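One structure is given below, encoded as structure tokens.
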Amino acid sequence: MSDVSGPIRVIGIGNRDRGDDALGPLVVDALRDRLPATVSAVEHSGEVAGLVDLISDADAVYLVDAAVMGLEPGSLREFDASTSPLPALGGAFSSHALGLSEAIELARALDALPSVCRVFAVEATSFEAGEGLSQPVADTLPRVTQAVIDSIRQESGHA
Amino acid sequence: MSRKTIKVDYLARVEGEGALNVTIRDGQVSKAELRIFEPPRFFEAFLRGRDYAEAPDVTARICGICPVAYQMSAVHAMENALDIEVEGQLRALRRLLYCGEWIESHALHIYMLHAPDFLGYAGAVDMARDYPDIVKRGLSLKKAGNAIMTLLGGREIHPINVRVGGFYRTPTRKELEPLAETLKQAREDALATVRWTAGLDMPEAERDYHLVALHHPDEYAMNTGRIISNRGLDIAVADYNRHFVESHVQRSTALHSHLREHDCYLVGPLARYSLNHGQLSSLAREAAKEAGLGVTCTNPFQSIVVRSVEVVYACDEALRIIDEYQEPERPFELAEPKASEGFGCTEAPRGLLFHRYRLDENGGILEAQIVPPTAQNQPSIEADLKDLVGGWLDLPADTLRERCEQTIRNYDPCISCATHFLKLDVRHE
């Protein structure tokens, strides 16, 4: 267990109106009432400066985003970004490619990255405007929600 | 005959996807082409059949960086069509919201996208390692802009509180108070930004631009005014299409804009500053003078300094509006739908943004036309490259390529806006 005593934050990145991009916000919804008061869950668009802010004033962050990693649709991958950057994976990673990895690296460069920084990425199939989650990503939603809860419990001793 | 080609296959640190081809023949630039290959977004077509009241929210989705600009041009065009005037505190609140977007968008471009060019870094992350306090100042400035957008717009990105006739809800004086404290600090940060950008190593480049911007007799124009230029253009917004024309060129999915009689022109901070310098606040004018700027500026590289001056102004103006704010009696003016046509033009952070709508008797949108600033500046970007690259041919190849990219970034181009691009499917198969 890491030494975490300050704010613990789950950040669901995405846009509710853009197909699988809604994953992050929907995980935030799913976590409601399942987290102790010491852990907050917030939705975010992925805009760099705002994200750096949210990341850097926490002691532990858990970031959830839809991603393009070249895996089977709905696949869940977990990354520990606290010590090394997110893998480039051919230049296409998060649906907020510039936002998420740049925000993490910017926070690191500013010496403001929390000691716990975990990224939960789910392979998306579509970011089409006005669509809901694709079936494979919808099927993964409960699993990624549970993975976030387990990770918080394991690393921070909360939840 | 010697021939050399500079190719940048993917432009970094611009919003959207574009590339650049410059061909040099016998020491002369024979061709400079900015290729925009994002597919068009068809927003103008999406709008057809929608209700007039939906235009601000639909068009806000065109861009995550300048949604307020789209909302403002849309509401002004609709109000023009429906013959309603939004005055007093509602008008002032719109200006305050626009100040938020200018601060936020300019701070992002100055610190994250443009400054790395001047300091020789690949991007903001590398720059942050050596200049952490400067990057923190940029983030903090951007955050101040976001704070205005969140309070007035309802949320940071794609604000939802703007409607034809005003706002869904207006803030109380008490709600604006903490914003004033944030903005006082932001104004200090903005002044420091002007001093800092003025000290950057600035390439020499004077261009003979046809500068085009909104002009208002009583204020540094943001939302309303006439369209003027440094070569005598002075027209009402409704006459835009009589003087400006859009055309398609094969290399770009964004339409190119031209003045019918004068070919390419420049919109954005340099044009606004040069045409409306006298209407900046005295603090902003003073900061510009100390930074070594004259009353006009036509070195495109100095746009980073001019943007910083505009951030000072936007902070100053936002504070003035908050100080004078009285809660309006009602949050919006009512509009009655009717068959009509309306025009709106406002100053997005990147320059003039024109909207035109034709409505049926129930307020349904029959036709929509949106001309974003990057589409208007595209020919000017190419003209800059054609004019300037010839003087840089002695530079090493990498430096020359970087200088070309920097020349494009001078414009803070938003290619996503220019093409109205929507990524419909980014799956790799």
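Identifiers in this document derive from the order of the structure tokens: chains are assigned A, B, ..., residues are numbered from 1 separately in each chain, and ligands are numbered from 1 in order of occurrence.
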Handout entry: Counting only C-alpha atoms, chain A residues within 9 Å of chain B, as a list of chain:residue names
Key = A:Arg18, A:Ser45, A:Glu47, A:Ala49, A:Gly50, A:Val52, A:Asp53, A:Val68, A:Met69, A:Gly70, A:Ala92, A:Ser95, A:Glu102, A:Ala103, A:Glu105, A:Leu106, A:Ala107, A:Arg108, A:Ala109, A:Leu110, A:Asp111, A:Ala124, A:Thr125, A:Ser126, A:Phe127, A:Glu128, A:Ala129
Stretch 213-331 of chain B residues near stretch 353-362 of chain B within 9 Å, closest pair each, using only C-alpha atoms, as CSV:
residue,atom,partner,partner_atom,distance
B:Val237,CA,B:Phe354,CA,8.2
B:Ala238,CA,B:Arg356,CA,8.5
B:Tyr240,CA,B:Phe354,CA,8.1
